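Pasted below: model04.cif, mmCIF, C-alpha atoms.
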```cif
data_query
#
loop_
_atom_site.group_PDB
_atom_site.id
_atom_site.type_symbol
_atom_site.label_atom_id
_atom_site.label_comp_id
_atom_site.auth_asym_id
_atom_site.auth_seq_id
_atom_site.Cartn_x
_atom_site.Cartn_y
_atom_site.Cartn_z
ATOM 1 C CA MET W 99 1.820 -30.520 11.263
ATOM 2 C CA LYS W 100 2.533 -26.877 10.388
ATOM 3 C CA ASN W 101 0.421 -24.851 7.972
ATOM 4 C CA GLN W 102 1.679 -25.392 4.409
ATOM 5 C CA ASN W 103 -0.425 -22.601 2.884
ATOM 6 C CA TYR W 104 1.611 -19.525 3.855
ATOM 7 C CA ILE W 105 2.917 -16.733 1.644
ATOM 8 C CA SER W 106 6.566 -16.210 0.695
ATOM 9 C CA TRP W 107 8.686 -13.300 1.922
ATOM 10 C CA ASP W 108 8.358 -11.676 -1.525
ATOM 11 C CA GLN W 109 4.570 -12.012 -1.388
ATOM 12 C CA TYR W 110 4.497 -10.621 2.137
ATOM 13 C CA PHE W 111 6.638 -7.534 1.525
ATOM 14 C CA MET W 112 5.158 -6.766 -1.900
ATOM 15 C CA GLY W 113 1.742 -7.185 -0.292
ATOM 16 C CA VAL W 114 2.678 -4.485 2.231
ATOM 17 C CA ALA W 115 3.791 -2.251 -0.661
ATOM 18 C CA LYS W 116 0.511 -2.882 -2.513
ATOM 19 C CA LEU W 117 -1.503 -2.194 0.626
ATOM 20 C CA SER W 118 0.409 1.074 1.117
ATOM 21 C CA ALA W 119 -0.391 2.077 -2.477
ATOM 22 C CA LEU W 120 -4.081 1.990 -1.585
ATOM 23 C CA ARG W 121 -3.499 5.108 0.567
ATOM 24 C CA SER W 122 -2.567 7.169 -2.524
ATOM 25 C CA LYS W 123 -5.093 9.788 -3.638
ATOM 26 C CA ASP W 124 -3.628 9.938 -7.167
ATOM 27 C CA PRO W 125 -6.489 9.045 -9.526
ATOM 28 C CA ASN W 126 -4.172 7.554 -12.157
ATOM 29 C CA THR W 127 -1.170 5.915 -10.504
ATOM 30 C CA GLN W 128 -1.065 4.491 -7.001
ATOM 31 C CA VAL W 129 2.426 3.393 -5.958
ATOM 32 C CA GLY W 130 3.482 1.798 -2.693
ATOM 33 C CA ALA W 131 6.885 1.002 -1.223
ATOM 34 C CA CYS W 132 8.170 -1.166 1.605
ATOM 35 C CA ILE W 133 11.822 -1.164 2.681
ATOM 36 C CA ILE W 134 13.278 -4.030 4.679
ATOM 37 C CA ASN W 135 16.650 -4.436 6.329
ATOM 38 C CA PRO W 136 18.917 -7.474 5.836
ATOM 39 C CA ASP W 137 17.148 -9.180 8.780
ATOM 40 C CA ARG W 138 13.794 -9.012 6.927
ATOM 41 C CA ARG W 139 12.423 -6.347 9.233
ATOM 42 C CA ILE W 140 10.262 -3.581 7.779
ATOM 43 C CA VAL W 141 12.030 -0.282 8.409
ATOM 44 C CA ALA W 142 9.923 2.021 6.227
ATOM 45 C CA ILE W 143 6.821 2.237 4.077
ATOM 46 C CA GLY W 144 5.477 4.948 1.796
ATOM 47 C CA TYR W 145 3.084 5.786 -0.998
ATOM 48 C CA ASN W 146 2.865 8.554 -3.574
ATOM 49 C CA GLY W 147 1.102 11.637 -2.279
ATOM 50 C CA LEU W 148 1.261 15.320 -1.611
ATOM 51 C CA PRO W 149 3.675 16.844 0.904
ATOM 52 C CA MET W 150 2.368 17.453 4.409
ATOM 53 C CA GLY W 151 0.345 20.627 4.617
ATOM 54 C CA LEU W 152 -1.034 20.452 1.069
ATOM 55 C CA SER W 153 -4.689 19.485 0.887
ATOM 56 C CA ASP W 154 -5.585 16.306 -1.004
ATOM 57 C CA ASP W 155 -8.853 18.031 -1.898
ATOM 58 C CA GLU W 156 -7.173 20.722 -3.982
ATOM 59 C CA ASP W 157 -6.671 20.108 -7.685
ATOM 60 C CA PHE W 158 -3.069 18.871 -7.672
ATOM 61 C CA TRP W 159 -3.857 15.600 -9.458
ATOM 62 C CA GLN W 160 -4.043 16.730 -13.085
ATOM 63 C CA LYS W 161 -1.651 15.872 -15.857
ATOM 64 C CA ASN W 162 -1.039 19.276 -17.433
ATOM 65 C CA GLU W 163 1.350 20.642 -20.050
ATOM 66 C CA ASP W 164 2.045 23.512 -17.672
ATOM 67 C CA TYR W 165 4.426 21.810 -15.218
ATOM 68 C CA SER W 166 3.572 24.155 -12.353
ATOM 69 C CA LYS W 167 -0.082 23.096 -12.639
ATOM 70 C CA SER W 168 0.566 19.366 -12.989
ATOM 71 C CA LYS W 169 0.778 16.679 -10.342
ATOM 72 C CA TYR W 170 4.416 16.055 -11.293
ATOM 73 C CA ALA W 171 5.465 19.308 -9.638
ATOM 74 C CA TYR W 172 3.886 18.381 -6.296
ATOM 75 C CA VAL W 173 3.605 14.634 -5.692
ATOM 76 C CA VAL W 174 6.227 12.955 -3.507
ATOM 77 C CA HIS W 175 6.940 9.466 -4.825
ATOM 78 C CA ALA W 176 6.436 6.352 -2.711
ATOM 79 C CA GLU W 177 10.163 5.589 -2.584
ATOM 80 C CA ALA W 178 11.031 9.099 -1.382
ATOM 81 C CA ASN W 179 8.305 8.955 1.259
ATOM 82 C CA ALA W 180 9.568 5.575 2.438
ATOM 83 C CA ILE W 181 13.120 6.910 2.718
ATOM 84 C CA LEU W 182 11.828 9.916 4.678
ATOM 85 C CA ASN W 183 9.790 7.596 6.924
ATOM 86 C CA ALA W 184 12.751 5.297 7.650
ATOM 87 C CA THR W 185 13.446 4.673 11.309
ATOM 88 C CA THR W 186 17.007 3.440 10.824
ATOM 89 C CA SER W 187 19.827 3.212 8.293
ATOM 90 C CA LEU W 188 18.896 1.820 4.879
ATOM 91 C CA LYS W 189 22.381 0.473 4.192
ATOM 92 C CA ASP W 190 22.079 -2.873 2.382
ATOM 93 C CA ALA W 191 18.271 -2.668 2.502
ATOM 94 C CA THR W 192 15.820 -4.081 -0.020
ATOM 95 C CA LEU W 193 13.062 -1.977 -1.552
ATOM 96 C CA TYR W 194 9.780 -3.598 -2.537
ATOM 97 C CA VAL W 195 7.890 -1.216 -4.819
ATOM 98 C CA THR W 196 4.896 -1.567 -7.089
ATOM 99 C CA LEU W 197 6.447 0.532 -9.914
ATOM 100 C CA PHE W 198 10.103 0.586 -10.971
ATOM 101 C CA PRO W 199 11.739 3.743 -9.533
ATOM 102 C CA CYS W 200 12.225 6.857 -11.641
ATOM 103 C CA ASN W 201 15.683 8.436 -11.928
ATOM 104 C CA GLU W 202 14.962 10.978 -9.174
ATOM 105 C CA CYS W 203 14.016 8.229 -6.720
ATOM 106 C CA MET W 204 16.945 6.091 -7.856
ATOM 107 C CA LYS W 205 19.325 8.895 -6.817
ATOM 108 C CA LEU W 206 17.840 8.768 -3.324
ATOM 109 C CA LEU W 207 17.953 4.972 -3.172
ATOM 110 C CA VAL W 208 21.619 4.914 -4.208
ATOM 111 C CA GLN W 209 22.469 7.591 -1.609
ATOM 112 C CA ALA W 210 20.543 5.718 1.098
ATOM 113 C CA GLY W 211 22.497 2.509 0.478
ATOM 114 C CA VAL W 212 19.684 0.298 -0.834
ATOM 115 C CA LYS W 213 21.194 -2.805 -2.456
ATOM 116 C CA GLU W 214 18.192 -4.544 -4.021
ATOM 117 C CA ILE W 215 14.984 -3.432 -5.705
ATOM 118 C CA VAL W 216 12.046 -5.792 -6.125
ATOM 119 C CA TYR W 217 9.321 -4.344 -8.319
ATOM 120 C CA MET W 218 6.103 -5.336 -10.061
ATOM 121 C CA SER W 219 5.420 -2.926 -12.938
ATOM 122 C CA ASP W 220 7.954 -1.528 -15.369
ATOM 123 C CA LYS W 221 5.529 0.540 -17.461
ATOM 124 C CA ASP W 222 8.036 3.326 -18.142
ATOM 125 C CA LYS W 223 10.682 1.034 -19.636
ATOM 126 C CA GLY W 224 12.385 2.696 -22.597
ATOM 127 C CA LYS W 225 11.726 6.276 -21.455
ATOM 128 C CA GLU W 226 14.719 8.548 -20.854
ATOM 129 C CA SER W 227 14.117 8.645 -17.088
ATOM 130 C CA HIS W 228 14.024 4.837 -16.975
ATOM 131 C CA ILE W 229 17.268 4.563 -18.929
ATOM 132 C CA ALA W 230 18.953 6.980 -16.497
ATOM 133 C CA SER W 231 17.506 5.074 -13.554
ATOM 134 C CA THR W 232 18.770 1.685 -14.718
ATOM 135 C CA THR W 233 22.173 3.165 -15.583
ATOM 136 C CA MET W 234 22.541 4.561 -12.046
ATOM 137 C CA MET W 235 21.311 1.335 -10.518
ATOM 138 C CA LYS W 236 23.826 -0.793 -12.431
ATOM 139 C CA LYS W 237 26.747 1.552 -11.758
ATOM 140 C CA ALA W 238 25.885 1.563 -8.035
ATOM 141 C CA GLY W 239 25.764 -2.235 -7.938
ATOM 142 C CA ILE W 240 22.086 -2.443 -7.017
ATOM 143 C CA LYS W 241 20.341 -5.671 -7.985
ATOM 144 C CA ALA W 242 16.811 -5.584 -9.351
ATOM 145 C CA ARG W 243 14.210 -8.212 -10.062
ATOM 146 C CA GLN W 244 10.659 -8.110 -11.229
ATOM 147 C CA ILE W 245 7.984 -10.262 -9.630
ATOM 148 C CA GLN W 246 4.313 -10.818 -10.244
ATOM 149 C CA LEU W 247 2.007 -10.941 -7.281
ATOM 150 C CA GLU W 248 -1.222 -12.819 -7.532
ATOM 151 C CA THR W 249 -4.205 -11.666 -5.562
ATOM 152 C CA ILE W 250 -4.015 -12.506 -1.897
ATOM 153 C CA VAL W 251 -7.313 -12.883 -0.109
ATOM 154 C CA LEU W 252 -7.207 -11.891 3.536
ATOM 155 C CA GLU W 253 -9.044 -14.417 5.637
ATOM 156 C CA THR W 254 -9.515 -13.021 9.101
ATOM 157 C CA ASP W 255 -12.525 -15.029 10.233
ATOM 158 C CA LYS W 256 -11.657 -18.708 10.482
#
```

Rewrite the structure of this file - the entire thing - as structure tokens.
Amino acid sequence: MKNQNYISWDQYFMGVAKLSALRSKDPNTQVGACIINPDRRIVAIGYNGLPMGLSDDEDFWQKNEDYSKSKYAYVVHAEANAILNATTSLKDATLYVTLFPCNECMKLLVQAGVKEIVYMSDKDKGKESHIASTTMMKKAGIKARQIQLETIVLETDK
């Protein structure tokens, strides 16, 4: 008889996104993304971090009123990194992401041809950037759904 205790596709792909988020050096918000094609193959992953060539040890992680001294001027979002890391077309792809995409990332997702967004947190709901993001998403015909992911314990020694 086959194993009955396996995880769903949503758990699997969101788990990959959550695992990717653990690579982020941001002390406040770690975001991970996993993009799959219509055949359920992972075609890209990403997490929020600094662009290549910038040192993670420098003080880029502060929230600061001076935009040029804040992390917001430098950090590349998980979704953008995943799109940049893609190995193939993202037409009709599904994005699994730990935080609902901002409007800047939504522009990229629309342009890349992503057709579904599966997310966990929606902490920015109601903010102007979130309103713009959801407006773009709806006008582009992108579906979205929120899921909760319980803790998955990795058992490697059986």

Using the chain letters and numbers from the file, which residues does the PyMOL selection byres ((chain W and resi 186) around 9) grab, as a CSV table (one decimal) with C-alpha atoms, in the frame of the given file?
```csv
chain,number,residue,atom,x,y,z
W,141,VAL,CA,12.0,-0.3,8.4
W,142,ALA,CA,9.9,2.0,6.2
W,184,ALA,CA,12.8,5.3,7.6
W,185,THR,CA,13.4,4.7,11.3
W,187,SER,CA,19.8,3.2,8.3
W,188,LEU,CA,18.9,1.8,4.9
```

### Message
Using all atoms listed in the file - which residues lie no farther than 12 Å from the point (8.1, -3.2, -10.8) in the file's frame? Write them as a PyMOL selection string.
### Response
chain W and resi 112+115-116+129-131+193-200+215-223+228+242-247

### Task
Could you give me, as a list of chain:residue names, the residues within 10 Å of segment 150-159 of chain W, counting only C-alpha atoms and dropping anything in the same chain fewer than 5 positions from it?
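Counting only the stated atoms, we get W:Ser122, W:Lys123, W:Asp124, W:Pro125, W:Asn126, W:Ser166, W:Lys167, W:Ser168, W:Lys169, W:Tyr170, W:Ala171, W:Tyr172, W:Val173, W:Val174.
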
### Task
Taking the file above as input, evaluate the PyMOL selection byres ((chain W and resi 238) around 10) and report the hits as a list of chain:residue names.
W:Lys205, W:Leu207, W:Val208, W:Gln209, W:Gly211, W:Val212, W:Lys213, W:Thr232, W:Thr233, W:Met234, W:Met235, W:Lys236, W:Lys237, W:Gly239, W:Ile240, W:Lys241

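Pairwise distance (atom CA of Arg121 of chain W, atom CA of Trp107 of chain W) equals 22.1 Å.
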
### Query
Expressed in Å to a single decimal, how great is the separation between atom CA of Tyr145 of chain W and atom CA of Ala180 of chain W?
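Calculated distance between atom CA of Tyr145 of chain W and atom CA of Ala180 of chain W is 7.3 Å.
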
### Query
Quick one: of W:Met204, W:Cys132, W:Ile181, W:Ala210, who's nearest to Gly113 of chain W, counting all atoms listed in the file?
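Using all atoms listed in the file, the shortest distance to Gly113 of chain W belongs to W:Cys132.
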
### Task
Take atom CA of Lys189 of chain W and atom CA of Arg138 of chain W and report the distance between them in Å, one decimal.
13.1 Å

#### Entry: Counting all atoms listed in the file, the option among W:His175, W:Ile134, W:Asp164, W:Leu117 closest to Pro149 of chain W
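Smallest distance to Pro149 of chain W is found for W:His175.
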
### Query
Which residue, W:Ala176, W:Ile105, W:Ala230, W:Leu120, has the smallest gap to Ile143 of chain W when you use only C-alpha atoms?
W:Ala176

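For the set W:Ala119, W:Thr127, W:Glu248, W:Met99, the residue with the smallest atom-to-atom gap to Gln160 of chain W is W:Thr127, counting only C-alpha atoms.
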
#### Entry: Which residue of W:Ala178, W:Cys203, W:Tyr165, W:Ile133 approaches Leu148 of chain W most closely, using only C-alpha atoms
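Going through W:Ala178, W:Cys203, W:Tyr165, W:Ile133 one by one, the smallest distance to Leu148 of chain W is for W:Ala178.
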
Complete segment 231-242 of chain W at the level of all heavy atoms, written as a compact mmCIF listing (two decimals), in the coordinates of the input.
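Result file rebuild.txt:
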```
# COMPACT_ATOMS: atom_id res chain seq x y z
N SER W 231 17.69 5.81 -14.80
CA SER W 231 17.51 5.07 -13.55
C SER W 231 18.25 3.75 -13.57
O SER W 231 18.96 3.40 -12.63
CB SER W 231 16.00 4.85 -13.32
OG SER W 231 15.79 4.27 -12.07
N THR W 232 18.09 2.99 -14.64
CA THR W 232 18.77 1.68 -14.72
C THR W 232 20.29 1.85 -14.83
O THR W 232 21.03 1.03 -14.29
CB THR W 232 18.23 0.83 -15.88
OG1 THR W 232 18.33 1.56 -17.10
CG2 THR W 232 16.78 0.43 -15.65
N THR W 233 20.73 2.90 -15.49
CA THR W 233 22.17 3.16 -15.58
C THR W 233 22.75 3.41 -14.19
O THR W 233 23.76 2.82 -13.80
CB THR W 233 22.45 4.37 -16.50
OG1 THR W 233 21.98 4.08 -17.81
CG2 THR W 233 23.94 4.70 -16.55
N MET W 234 22.09 4.28 -13.42
CA MET W 234 22.54 4.56 -12.05
C MET W 234 22.55 3.30 -11.20
O MET W 234 23.49 3.03 -10.46
CB MET W 234 21.60 5.57 -11.38
CG MET W 234 22.06 6.98 -11.45
SD MET W 234 20.98 8.03 -10.47
CE MET W 234 19.57 8.18 -11.55
N MET W 235 21.47 2.55 -11.31
CA MET W 235 21.31 1.34 -10.52
C MET W 235 22.46 0.36 -10.79
O MET W 235 23.07 -0.16 -9.86
CB MET W 235 19.96 0.69 -10.86
CG MET W 235 19.65 -0.57 -10.11
SD MET W 235 18.15 -1.34 -10.75
CE MET W 235 18.77 -2.03 -12.29
N LYS W 236 22.76 0.15 -12.06
CA LYS W 236 23.83 -0.79 -12.43
C LYS W 236 25.19 -0.29 -11.97
O LYS W 236 25.98 -1.06 -11.42
CB LYS W 236 23.81 -1.04 -13.94
CG LYS W 236 22.62 -1.86 -14.38
CD LYS W 236 22.55 -1.99 -15.89
CE LYS W 236 21.30 -2.74 -16.29
NZ LYS W 236 21.07 -2.75 -17.72
N LYS W 237 25.45 1.00 -12.17
CA LYS W 237 26.75 1.55 -11.76
C LYS W 237 26.93 1.53 -10.24
O LYS W 237 28.04 1.43 -9.75
CB LYS W 237 26.92 2.96 -12.30
CG LYS W 237 27.13 3.01 -13.81
CD LYS W 237 27.37 4.41 -14.30
CE LYS W 237 27.61 4.43 -15.78
NZ LYS W 237 28.92 3.93 -16.19
N ALA W 238 25.82 1.60 -9.50
CA ALA W 238 25.88 1.56 -8.04
C ALA W 238 25.87 0.13 -7.49
O ALA W 238 25.98 -0.07 -6.29
CB ALA W 238 24.71 2.34 -7.45
N GLY W 239 25.75 -0.84 -8.38
CA GLY W 239 25.76 -2.24 -7.94
C GLY W 239 24.48 -2.70 -7.26
O GLY W 239 24.49 -3.62 -6.45
N ILE W 240 23.37 -2.05 -7.59
CA ILE W 240 22.09 -2.44 -7.02
C ILE W 240 21.46 -3.51 -7.89
O ILE W 240 21.38 -3.36 -9.11
CB ILE W 240 21.14 -1.22 -6.91
CG1 ILE W 240 21.74 -0.17 -5.96
CG2 ILE W 240 19.75 -1.65 -6.45
CD1 ILE W 240 20.96 1.13 -5.93
N LYS W 241 21.03 -4.60 -7.27
CA LYS W 241 20.34 -5.67 -7.98
C LYS W 241 18.87 -5.31 -8.11
O LYS W 241 18.31 -4.65 -7.24
CB LYS W 241 20.45 -7.00 -7.23
CG LYS W 241 21.85 -7.56 -7.15
CD LYS W 241 21.81 -8.91 -6.47
CE LYS W 241 22.79 -8.89 -5.32
NZ LYS W 241 22.62 -9.96 -4.38
N ALA W 242 18.25 -5.79 -9.19
CA ALA W 242 16.81 -5.58 -9.35
C ALA W 242 16.19 -6.85 -9.92
O ALA W 242 16.83 -7.57 -10.68
CB ALA W 242 16.53 -4.42 -10.28
```
